[in-house]
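S.K.: Below you will find the structure I want to go over with you.
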Amino acid sequence: MSKLVPQLDQIFARTDNLLTELMEVITAFGHLTETVEEINHLTTRLDGFGQGEFEIGQLQTTLQSLEDNLDNLVTLINRLNYAQSLIIEFQDFLVTTQAELRMQSNNLEPTSPYRQQLEELIANLAELESRIDQNTAEIIEVINNYNPLLTEVTSWQEDVTTVNQVLANLEAGDEERAQELVADLTDGDLFAELNEVQQQSLALDLVELEEEVASLQRLDFEAIVEELEYIQQALPKLRDEEITDSIDLIDQHLAGSVIPGAELSLLVPAEAELEGVEAIVEQQLGAGLSSYTSQVAIINPDLRGQIYQILSEVKTLLMALTAIISILFFLLFDQTLLINAIRLIERDQNKKQWIDLGSCYGCLTGASLLGTTFYLTGAEIPYIPFYISFLVGGVLGIIAAKKAKAMNEISQDEFRAGQAFGFNYAQIMQEIIIPTSKPGLLKLLNKRKVYF
Amino acid sequence: MLQVNNLIKSYGSTQVLTGVDFKVNKGETVAIMGPSGCGKSTTIRCINRLTEPDGGEIIFKGVPVLELSEQQLLSLRKEIGFVFQKFNLIERLTVLENIILPVIKTEVEACEQELEQKALQVLEKVKLAEKATSSIKQLSGGQKQRVGIARALMIDPSLLLLDEPTASLDPILVREVLEVIEELTDLQDTAIIIVTHEVSFALQVADLILLMDQGRIVEQGSPAEIFVAPQSEVGQKYKKLLEYY
Ligand SMILES: Nc1ncnc2c1ncn2[C@@H]1O[C@H](COP(=O)(O)OP(=O)(O)O)[C@@H](O)[C@H]1O
Ligand SMILES: [Mg+2]
């Protein structure tokens with residue numbers, strides 16, 4: 001459809017173009033008749049020169065005139081040829097456009113109103129095609145008849161030019177030579193052929209043809225223009241490849257869902273008196289109507305946009321949930337060990353414990369992990385500001401700190417043993433505590449370092 | 001070689017050590033006895049600063065232990081063996097690994113085979129050679145404590161601290177542990193401080209017995225003389241106990 005709509009636009013331009021051209025061809029036929037008659041007349045005069053009375057000046061004027069008329073003839077025939085090619089091209093265009101519309105139409109549900117529109121459009125195009133076919137068949141036939149004459153007319157024209165030049169340089173008293181040349185000119189059967197074709201083209205009822213072409217323009221195109229404009233307006237934003245799918249989808253929803261309260265919006269000018277309008281509407285639409293008026297404009301929801309928005313919200317929400325869950329796991333399985341170790345060391349150093357360093361550590365770790373994860377992945381809980389992710393992370397960290405003892409208890413006895421060996425805290429963690437802990441990232445990373 | 005002067009420690013408002021003084025010579029065996037909660041464990045844990053004392057002085061081999069830096073303290077601990085009441089073995093490791101663990105971080109990087117060789121020798125000393133590859137869970141309490149002792153011996157300690165090594169054991173298992181310890185008292189280079197309630201054992205193996213009560217040493221002397229005419233209440237109680245047997 002995305003390709004089709006601009007293509008449909010072309011129909012107007014092309015049709016206009018073709019019709020103008022056709023009209024000009026019809027006018028050209030009128031000139032053609034005149035020209036051929038003129039040539040006819042001039043040739044008769046030349047015949048006269050060939051017979052005897054000879055006045056070189058007059059002959060030259062006649063020949064000059066003949067040359068000009070032949071020139072006209074060639075131009076006219078060329079013009080006819082061009083018109084013919086235009087007609088053929090336009091017919092091709094109509095055929096391919098119909099085929100493409102057919103494809104679009106086949107993609108739609110049989111019950112879809114859009115399908116009906118498209119089918120109607122196709123029928124209209126077919127009608128246009130056949131009428132153009134009918135109305136131009138005669139024209140094209142005539143043009144085809146003129147076509148083979150073109151080369152002969154051209155060479156005749158060249159001959160006339162040559163004779164003209166010869167006459168211009170002729171010495172006085174050379175009348176006989178001139179007479180021969182002119183006799184040669186009028187000798188060929190080209191002139192007979194030309195006359196015959198001319199008879200045919202005269203048989204064309206130019207007036208009737210003109211009317212028919214004009215009727216093409218008036219009748220069919222108005223219908224098509226309406227159809228096209230309707231489609232274009234009905235589908236203003238849908239320019240994607242999946243447009244037909246979307247239409248189908250909407251159709252199905254419309255067909256399947258019952259709309260309990262159909263709604264009619266009447267937009268009235270600001271200066272209209274609303275109570276009056278309401279009274280009229282109620283009177284017209286009768287009972288069972290509930291109406292309300294509003295000053296503000298109503299923003300129509302953009303269905304596609306909303307679906308995208310919902311999808312992206314779902315996506316970010318899923319990411320957020322994944323982040324929260326995986327970080328909770330990380331905190332519970334890995335960080336609880338560190339939290340316990342921090343508490344143990346804190347107790348070991350026997351300082352006054354104003355705050356629980358383990359909980360602080362958990363809170364900070366949770367907050368920074370979740371915050372940065374949200375920031376880096378673009379995860380987001382809809383309608384909740386970004387900084388909340390830090391709070392949530394902090395809460396997760398505190399939960400982990402609360403559960404630390406149950407999750408990953410450190411044997412104090414083993415810790416003391418490590419101290420008695422003269423291990424520092426890092427060595428105690430590495431050789432004793434982490435290897436005994438629950439599986440997790442820390443344990444994995446520690447594997448390469450641990451002695452046993 | 002070890003001198004403790006006026007050692008003080010309190011937990012919160014309760015004073016646990018109120019000034020402990022004693023002296024241990026090279027290769028000597030010292031037994032610390034006294035009622036539960038009198039501060040015996042606290043005293044020996046202060047020696048390698050597993051518990052940080054509040055005041056006093058500890059001189060080990062001429063070095064003031066309480067003034068050591070963190071790093072120096074760690075190397076001090078590598079010279080002092082410690083045997084815990086509850087064994088404090090690393091459950092996840094085998095017997096042999098438990099014994100090797102204290103020495104894996106020593107400066108002198110011994111090769112694995114040497115360490116294993118030495119561990120087996122030490123195990124021999126505590127009569128557990130056949131348990132080298134067992135896991136800790138498969139051992140009896142007595143065996144566990146002997147592993148604990150072997151582990152402490154692995155560093156060739158010049159001072160061995162034992163905190164009630166038999167207190168967690170069934171009475172029938174106590175003997176096998178005490179036998180091992182008794183053999184250790186013959187070592188010339190290793191001084192031993194043992195906290196114990198085994199009176200007869202103390203009398204038999206100790207060179208010096210310290211009686212503690214309420215955070216102080218109330219009586220001290222050789223096994224032969226300490227219970228002859230005890231001055232302190234605790235000493236008199238012990239004397240009665242001996243007469244009872
Ligand atoms: N970490 C501690 N916090 C508070 N009080 C303690 C702590 N360790 C020991 N104590 C108290 O210090 C006193 C001496 O303990 P301890 O040296 O273990 O006695 P003993 O080993 O002689 O039975 C006891 O009253 C005990 O309750
Ligand atoms: Mg104790």
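Residue numbering restarts at 1 in every chain; chains get A, B, ... in the order shown in the structure tokens, and ligands count up from 1 in that same order.
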Within 9 Å of ligand 1, counting only C-alpha atoms and all ligand atoms: which residues, as a ChimeraX atom specification?
M.R.: /A:347-348,350 /B:9-12,14-17,33-45,51,163-164,195,212-215
S.K.: Give me, as a PDB file with N, CA, C and O atoms, in the first residue's frame, the residues of chain A touching chain B, with the criterion being at most 7 Å (counting only C-alpha atoms).
M.R.:
ATOM      1  N   ASP A 413      33.955 -20.849  64.386  1.00  0.00           N
ATOM      2  CA  ASP A 413      35.078 -21.684  64.816  1.00  0.00           C
ATOM      3  C   ASP A 413      36.160 -21.725  63.742  1.00  0.00           C
ATOM      4  O   ASP A 413      37.345 -21.586  64.023  1.00  0.00           O
ATOM      5  N   GLU A 414      35.711 -21.890  62.487  1.00  0.00           N
ATOM      6  CA  GLU A 414      36.680 -21.960  61.399  1.00  0.00           C
ATOM      7  C   GLU A 414      37.363 -20.611  61.206  1.00  0.00           C
ATOM      8  O   GLU A 414      38.563 -20.532  60.917  1.00  0.00           O
ATOM      9  N   ALA A 417      39.977 -20.344  63.830  1.00  0.00           N
ATOM     10  CA  ALA A 417      41.114 -21.195  63.488  1.00  0.00           C
ATOM     11  C   ALA A 417      42.017 -20.464  62.508  1.00  0.00           C
ATOM     12  O   ALA A 417      43.236 -20.408  62.678  1.00  0.00           O
ATOM     13  N   ALA A 420      44.044 -17.953  64.193  1.00  0.00           N
ATOM     14  CA  ALA A 420      45.138 -18.549  64.955  1.00  0.00           C
ATOM     15  C   ALA A 420      46.290 -18.956  64.051  1.00  0.00           C
ATOM     16  O   ALA A 420      47.444 -18.974  64.471  1.00  0.00           O
ATOM     17  N   PHE A 421      45.984 -19.290  62.775  1.00  0.00           N
ATOM     18  CA  PHE A 421      47.063 -19.651  61.838  1.00  0.00           C
ATOM     19  C   PHE A 421      47.916 -18.451  61.480  1.00  0.00           C
ATOM     20  O   PHE A 421      48.970 -18.582  60.873  1.00  0.00           O
ATOM     21  N   GLY A 422      47.451 -17.254  61.786  1.00  0.00           N
ATOM     22  CA  GLY A 422      48.160 -16.060  61.347  1.00  0.00           C
ATOM     23  C   GLY A 422      47.731 -15.627  59.958  1.00  0.00           C
ATOM     24  O   GLY A 422      48.455 -14.917  59.263  1.00  0.00           O
ATOM     25  N   PHE A 423      46.529 -16.055  59.525  1.00  0.00           N
ATOM     26  CA  PHE A 423      45.989 -15.584  58.246  1.00  0.00           C
ATOM     27  C   PHE A 423      45.417 -14.188  58.435  1.00  0.00           C
ATOM     28  O   PHE A 423      44.852 -13.890  59.483  1.00  0.00           O
ATOM     29  N   THR A 436      33.697 -22.658  51.628  1.00  0.00           N
ATOM     30  CA  THR A 436      32.654 -23.376  52.362  1.00  0.00           C
ATOM     31  C   THR A 436      31.270 -22.815  52.053  1.00  0.00           C
ATOM     32  O   THR A 436      30.268 -23.429  52.373  1.00  0.00           O
TER      33      THR A 436
END
S.K.: Do a neighbour search on B:Ala167 at 9 Å with only C-alpha atoms, toss out local chain neighbours closer than 4 positions, and write the hits as a ChimeraX atom specification.
M.R.: /B:85-86,163,171,174,196-197
S.K.: Store the residues picked out above, limited to N, CA, C and O atoms, as a PDB file, in the first residue's frame.
M.R.:
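Dumped everything to out-v1.pdb:
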ATOM      1  N   GLN B  85      39.160 -25.706  72.308  1.00  0.00           N
ATOM      2  CA  GLN B  85      38.315 -26.644  73.044  1.00  0.00           C
ATOM      3  C   GLN B  85      37.392 -27.422  72.099  1.00  0.00           C
ATOM      4  O   GLN B  85      37.180 -28.607  72.247  1.00  0.00           O
ATOM      5  N   LYS B  86      36.869 -26.690  71.097  1.00  0.00           N
ATOM      6  CA  LYS B  86      35.933 -27.354  70.174  1.00  0.00           C
ATOM      7  C   LYS B  86      36.616 -27.717  68.857  1.00  0.00           C
ATOM      8  O   LYS B  86      35.967 -27.764  67.816  1.00  0.00           O
ATOM      9  N   ASP B 163      43.510 -24.786  74.956  1.00  0.00           N
ATOM     10  CA  ASP B 163      42.411 -24.262  75.771  1.00  0.00           C
ATOM     11  C   ASP B 163      41.419 -25.391  76.042  1.00  0.00           C
ATOM     12  O   ASP B 163      40.607 -25.723  75.190  1.00  0.00           O
ATOM     13  N   PRO B 171      34.348 -38.878  78.453  1.00  0.00           N
ATOM     14  CA  PRO B 171      35.418 -39.273  79.369  1.00  0.00           C
ATOM     15  C   PRO B 171      36.309 -40.396  78.813  1.00  0.00           C
ATOM     16  O   PRO B 171      37.523 -40.359  78.990  1.00  0.00           O
ATOM     17  N   VAL B 174      38.995 -39.021  76.522  1.00  0.00           N
ATOM     18  CA  VAL B 174      39.924 -38.028  77.059  1.00  0.00           C
ATOM     19  C   VAL B 174      41.335 -38.593  77.096  1.00  0.00           C
ATOM     20  O   VAL B 174      42.306 -37.927  76.719  1.00  0.00           O
ATOM     21  N   THR B 196      43.246 -26.639  81.807  1.00  0.00           N
ATOM     22  CA  THR B 196      42.625 -27.952  81.979  1.00  0.00           C
ATOM     23  C   THR B 196      41.958 -28.098  83.332  1.00  0.00           C
ATOM     24  O   THR B 196      42.291 -27.413  84.296  1.00  0.00           O
ATOM     25  N   HIS B 197      40.986 -28.976  83.344  1.00  0.00           N
ATOM     26  CA  HIS B 197      40.364 -29.349  84.612  1.00  0.00           C
ATOM     27  C   HIS B 197      40.868 -30.708  85.101  1.00  0.00           C
ATOM     28  O   HIS B 197      40.449 -31.170  86.157  1.00  0.00           O
TER      29      HIS B 197
END
S.K.: Mind pulling up the distance from atom CA of A:Glu211 to atom CA of A:Leu32?
M.R.: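 For atom CA of A:Leu32 relative to atom CA of A:Glu211, the distance reads 19.2 Å.
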S.K.: List every residue of stretch 95-237 of chain B that DSSP, applied to the backbone of this structure, places in strand (DSSP E or B), and write the result as a list in words.
M.R.: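 Reading the DSSP output for stretch 95-237 of chain B, strand (DSSP E or B) covers Ser135, Leu159, Leu160, Leu161, Leu162, Asp163, Ala191, Ile192, Ile193, Ile194, Val195, Leu208, Ile209, Leu210, Leu211, Met212, Asp213, Arg216, Ile217, Val218, Glu219, Gln220 and Gly221 of chain B.
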S.K.: Env of A:Gln60: 8 Å cut, atoms = only C-alpha atoms, seq-sep filter 4 positions within chain, self excluded. Answer as a list in words.
M.R.: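 Using only C-alpha atoms, the neighbours found are Ile56, Gln64, Asn164, Leu167 and Ala168 of chain A.
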S.K.: Please, could you write that set of residues out with N, CA, C and O atoms as a compact mmCIF listing (two decimals), in the first residue's frame?
M.R.:
# COMPACT_ATOMS: atom_id res chain seq x y z
N ILE A 56 8.59 29.47 -64.41
CA ILE A 56 9.50 28.93 -63.40
C ILE A 56 9.27 29.53 -62.02
O ILE A 56 9.35 28.83 -61.00
N GLN A 64 7.76 25.20 -53.09
CA GLN A 64 8.10 25.65 -51.73
C GLN A 64 6.94 25.34 -50.78
O GLN A 64 7.12 24.78 -49.69
N ASN A 164 13.63 21.75 -55.88
CA ASN A 164 13.60 23.18 -55.59
C ASN A 164 14.98 23.81 -55.74
O ASN A 164 15.13 24.86 -56.35
N LEU A 167 15.96 23.88 -59.41
CA LEU A 167 15.25 24.95 -60.11
C LEU A 167 15.88 26.31 -59.82
O LEU A 167 16.01 27.14 -60.70
N ALA A 168 16.29 26.50 -58.62
CA ALA A 168 16.88 27.79 -58.23
C ALA A 168 18.13 28.09 -59.04
O ALA A 168 18.41 29.23 -59.37
S.K.: May I ask which of the residues B:Ala150, B:Glu130, B:Gly141, B:Ile193 is the closest one to B:Leu169, counting only C-alpha atoms?
M.R.: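 Closest candidate: B:Gly141.
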S.K.: Would you mind telling me which residue in B:Leu210, B:Met154, B:Ile194, B:Val147 lies nearest to ligand 2 when using only C-alpha atoms and all ligand atoms?
M.R.: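 Ranking B:Leu210, B:Met154, B:Ile194, B:Val147 by distance to ligand 2, first place goes to B:Ile194.
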S.K.: Under the rule that only C-alpha atoms are counted, which of A:Tyr82, A:Phe374, A:Phe333, A:Tyr361 is the nearest residue to A:Gly397?
M.R.: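 Using only C-alpha atoms, A:Gly397 sits closest to A:Tyr361.
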S.K.: I'd like the contact shell of A:Leu344 - 9 Å cut-off, only C-alpha atoms, skipping same-chain residues fewer than 6 positions apart - returned as a PDB file with N, CA, C and O atoms, in the first residue's frame.
M.R.:
ATOM      1  N   ILE A 410      28.518 -18.233  58.423  1.00  0.00           N
ATOM      2  CA  ILE A 410      29.952 -18.489  58.474  1.00  0.00           C
ATOM      3  C   ILE A 410      30.251 -19.177  59.797  1.00  0.00           C
ATOM      4  O   ILE A 410      29.780 -18.754  60.852  1.00  0.00           O
ATOM      5  N   GLN A 412      32.040 -19.602  62.900  1.00  0.00           N
ATOM      6  CA  GLN A 412      32.956 -18.765  63.692  1.00  0.00           C
ATOM      7  C   GLN A 412      34.180 -19.545  64.115  1.00  0.00           C
ATOM      8  O   GLN A 412      35.276 -18.995  64.197  1.00  0.00           O
ATOM      9  N   PHE A 415      36.586 -19.549  61.390  1.00  0.00           N
ATOM     10  CA  PHE A 415      37.149 -18.203  61.292  1.00  0.00           C
ATOM     11  C   PHE A 415      38.254 -18.001  62.340  1.00  0.00           C
ATOM     12  O   PHE A 415      39.356 -17.537  62.033  1.00  0.00           O
TER      13      PHE A 415
END
S.K.: Let's see if you can do this: from backbone DSSP, list all helix (DSSP H, G or I) residues in stretch 67-219 of chain B, as a PyMOL selection string.
M.R.: chain B and resi 67+70-77+95-103+112-125+129-131+136-138+141-153+171-184+199-205
S.K.: Leaving out B:Val122 and any residue of its chain fewer than 3 positions from it, which residues lie within 7 Å of it when counting only C-alpha atoms, given as a ChimeraX atom specification?
M.R.: /B:118-119,125-126,150,153-154
S.K.: Would you mind exporting N, CA and C atoms of the selected residues as a tab-separated table (two decimals), in the first residue's frame?
M.R.:
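Ended up saving to selection_29.tsv:
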chain	number	residue	atom	x	y	z
B	118	LYS	N	55.70	-33.84	55.77
B	118	LYS	CA	55.76	-33.36	57.14
B	118	LYS	C	54.43	-33.61	57.86
B	119	ALA	N	53.33	-33.38	57.15
B	119	ALA	CA	52.01	-33.57	57.74
B	119	ALA	C	51.84	-35.02	58.17
B	125	LYS	N	52.77	-38.69	64.96
B	125	LYS	CA	52.94	-38.31	66.36
B	125	LYS	C	51.65	-38.39	67.14
B	126	VAL	N	50.53	-38.04	66.49
B	126	VAL	CA	49.26	-38.09	67.21
B	126	VAL	C	48.52	-39.40	66.93
B	150	ALA	N	47.74	-31.98	66.00
B	150	ALA	CA	48.68	-32.16	64.89
B	150	ALA	C	48.79	-30.87	64.08
B	153	LEU	N	50.96	-28.48	65.72
B	153	LEU	CA	52.37	-28.88	65.71
B	153	LEU	C	53.03	-28.64	64.36
B	154	MET	N	52.22	-28.55	63.35
B	154	MET	CA	52.71	-28.44	61.97
B	154	MET	C	53.65	-27.24	61.81
S.K.: Can you work out which one of B:Gln145, B:Gln3, B:Ser13, B:Thr29 has the shortest atom-to-atom distance to B:Val205, counting only C-alpha atoms?
M.R.: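 Among the listed residues, B:Thr29 lies closest to B:Val205.
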